Amino acid sequence: MKNILCFGDSNTFGYDMANDRRFPWGVRWTSIVQETLGPEYHIIEEGLCGRTTLWDDPIEERQSGKSYLLSCLESHWPLDLVIIMLGTNDLKTRFGLGTHDIAAGVETLALMTGEYMKKKPVKEPKILIISPIEVGETIAENPYGIYMGGQTAVIRSRQFPKYYKEIADKHGFEFMAASDYAKPCDADPMHMDAENHRELAKAIGDKILEILG
């Protein structure tokens, strides 16, 4: 069995803004990938709403990906692949980050993963960096749009693929852009609906097979 850790935020958790709950199994992309690839692959869902790359949120506590990553790796090894899809929450104005800074946070997490797993008596996992979906144009009209910087969040999110790919190429990580396959739903400019979870699941499943066979 090949173990695959999916380390992400609310779009990995499967948040459904329509009812402020979680999409059920069979709807969120992680579960669709599991069902598609079958029992020879084990998809480990590690999505947390509000998770950042490195940053401790002064308002929403316990959201730093960096603070939890090593414990997460320790509890789930051995791993064949680690997928990191983070960055959307780093767009919040309280952090004051440009897209290049956000990408650098993802780079830190990926390098931490590699260094930590080198210490284990197992084969080091491959690392797949996925740049998040773009923020939708209606963000300024959304109740939490003010926290994201309105239209600036849209502009910065469109730069995710460029900077994330540069990091992947620099270190030899695998890369794909979620925005090539999925987008936020009309009613929620930061989260995917069921259809886009399906589209992203197909792309990620294909990428996993390409990486692991």
# chains A, B, ... in the order shown; residues from 1 in each chain; ligands from 1
>>> residues_around(residues="Glu199 of chain A", least_positions_apart="4", cutoff="7 Å", atoms="only C-alpha atoms", output="PyMOL selection string")
chain A and resi 181-182+195+203
>>> select_by_dssp(residues="segment 74-137 of chain A", states="strand (DSSP E or B)", output="list in words")
Leu81, Val82, Ile83, Ile84, Met85, Lys126, Ile127, Leu128, Ile129, Ile130 and Ser131 of chain A
>>> residues_around(residues="segment 22-39 of chain A", least_positions_apart="3", cutoff="9 Å", atoms="only C-alpha atoms", output="PyMOL selection string")
chain A and resi 1+6+11-17+19+42-45+193-202+204-205+209
>>> atom_distance(atom1="atom CA of Asp180 of chain A", atom2="atom CA of Glu40 of chain A")
27.2 Å
>>> residues_around(residues="Ser64 of chain A", least_positions_apart="3", cutoff="10 Å", atoms="only C-alpha atoms", output="count of residues only")
15
>>> residues_around(residues="segment 101-109 of chain A", least_positions_apart="5", cutoff="8 Å", atoms="only C-alpha atoms", output="count of residues only")
15
>>> select_by_dssp(residues="chain A", states="alpha helix (DSSP H)", output="ChimeraX atom specification")
/A:10-13,29-37,65-76,99-117,145-148,151-157,160-171,194-212
>>> closest_residue(among="A:Pro132, A:Pro161, A:Pro143, A:Gly172", to="Thr88 of chain A", atoms="only C-alpha atoms")
A:Pro132
>>> closest_residue(among="A:Leu97, A:Leu128, A:Ile146, A:Ala153", to="Lys165 of chain A", atoms="only C-alpha atoms")
A:Leu128
>>> closest_atom_pairs(of="segment 151-197 of chain A", to="segment 112-127 of chain A", cutoff="9 Å", atoms="only C-alpha atoms", output="CSV")
residue,atom,partner,partner_atom,distance
A:Gly172,CA,A:Ile127,CA,8.8
A:Phe173,CA,A:Ile127,CA,5.5
A:Glu174,CA,A:Ile127,CA,6.0
A:Phe175,CA,A:Ile127,CA,8.5
>>> write_last_selection(atoms="N, CA and C atoms", output="PDB file, in the first residue's frame")
ATOM      1  N   GLY A 172      13.471  20.272  -7.132  1.00  0.00           N
ATOM      2  CA  GLY A 172      13.128  18.969  -7.681  1.00  0.00           C
ATOM      3  C   GLY A 172      11.853  18.381  -7.115  1.00  0.00           C
ATOM      4  N   PHE A 173      10.949  19.226  -6.601  1.00  0.00           N
ATOM      5  CA  PHE A 173       9.649  18.757  -6.133  1.00  0.00           C
ATOM      6  C   PHE A 173       8.705  18.612  -7.318  1.00  0.00           C
ATOM      7  N   GLU A 174       7.706  17.788  -7.158  1.00  0.00           N
ATOM      8  CA  GLU A 174       6.635  17.710  -8.134  1.00  0.00           C
ATOM      9  C   GLU A 174       5.737  18.942  -7.985  1.00  0.00           C
ATOM     10  N   PHE A 175       5.064  19.334  -9.078  1.00  0.00           N
ATOM     11  CA  PHE A 175       4.228  20.532  -9.032  1.00  0.00           C
ATOM     12  C   PHE A 175       2.997  20.376  -9.908  1.00  0.00           C
TER      13      PHE A 175
END
>>> atom_distance(atom1="atom CA of Glu210 of chain A", atom2="atom CA of Leu73 of chain A")
22.9 Å
>>> closest_residue(among="A:Ala178, A:Ile59, A:Leu81, A:Cys49", to="Asn3 of chain A", atoms="only C-alpha atoms")
A:Leu81
>>> residues_around(residues="Arg156 of chain A", least_positions_apart="2", cutoff="9 Å", atoms="only C-alpha atoms", output="JSON list (two decimals) with N, CA and C atoms, in the first residue's frame")
[["chain", "number", "residue", "atom", "x", "y", "z"],
["A", 91, "LEU", "N", -3.05, 34.93, 2.47],
["A", 91, "LEU", "CA", -3.43, 36.15, 1.79],
["A", 91, "LEU", "C", -4.07, 37.17, 2.72],
["A", 98, "GLY", "N", 3.29, 39.22, 0.40],
["A", 98, "GLY", "CA", 3.21, 39.12, -1.04],
["A", 98, "GLY", "C", 3.20, 37.65, -1.44],
["A", 99, "THR", "N", 2.86, 37.37, -2.68],
["A", 99, "THR", "CA", 2.78, 35.98, -3.13],
["A", 99, "THR", "C", 4.13, 35.28, -3.03],
["A", 134, "GLU", "N", -7.52, 29.97, -7.55],
["A", 134, "GLU", "CA", -7.57, 31.43, -7.48],
["A", 134, "GLU", "C", -8.73, 31.87, -6.59],
["A", 135, "VAL", "N", -8.58, 33.03, -5.99],
["A", 135, "VAL", "CA", -9.68, 33.65, -5.25],
["A", 135, "VAL", "C", -10.63, 34.28, -6.26],
["A", 151, "GLN", "N", -9.80, 42.87, -3.66],
["A", 151, "GLN", "CA", -9.29, 42.56, -4.99],
["A", 151, "GLN", "C", -7.81, 42.21, -4.97],
["A", 152, "THR", "N", -7.07, 42.69, -3.99],
["A", 152, "THR", "CA", -5.64, 42.34, -3.93],
["A", 152, "THR", "C", -5.45, 40.84, -3.73],
["A", 153, "ALA", "N", -6.40, 40.20, -3.05],
["A", 153, "ALA", "CA", -6.31, 38.75, -2.86],
["A", 153, "ALA", "C", -6.46, 38.03, -4.19],
["A", 154, "VAL", "N", -7.33, 38.53, -5.05],
["A", 154, "VAL", "CA", -7.51, 37.94, -6.37],
["A", 154, "VAL", "C", -6.22, 38.04, -7.17],
["A", 158, "ARG", "N", -3.56, 34.83, -8.27],
["A", 158, "ARG", "CA", -3.26, 34.49, -9.65],
["A", 158, "ARG", "C", -1.77, 34.29, -9.88],
["A", 159, "GLN", "N", -0.97, 34.75, -8.96],
["A", 159, "GLN", "CA", 0.48, 34.59, -9.06],
["A", 159, "GLN", "C", 0.99, 33.31, -8.41],
["A", 160, "PHE", "N", 0.11, 32.57, -7.74],
["A", 160, "PHE", "CA", 0.53, 31.34, -7.06],
["A", 160, "PHE", "C", 1.29, 30.38, -7.98]]
>>> closest_residue(among="A:Glu46, A:Asp20, A:Asp188, A:Asp206", to="Gly145 of chain A", atoms="only C-alpha atoms")
A:Asp188
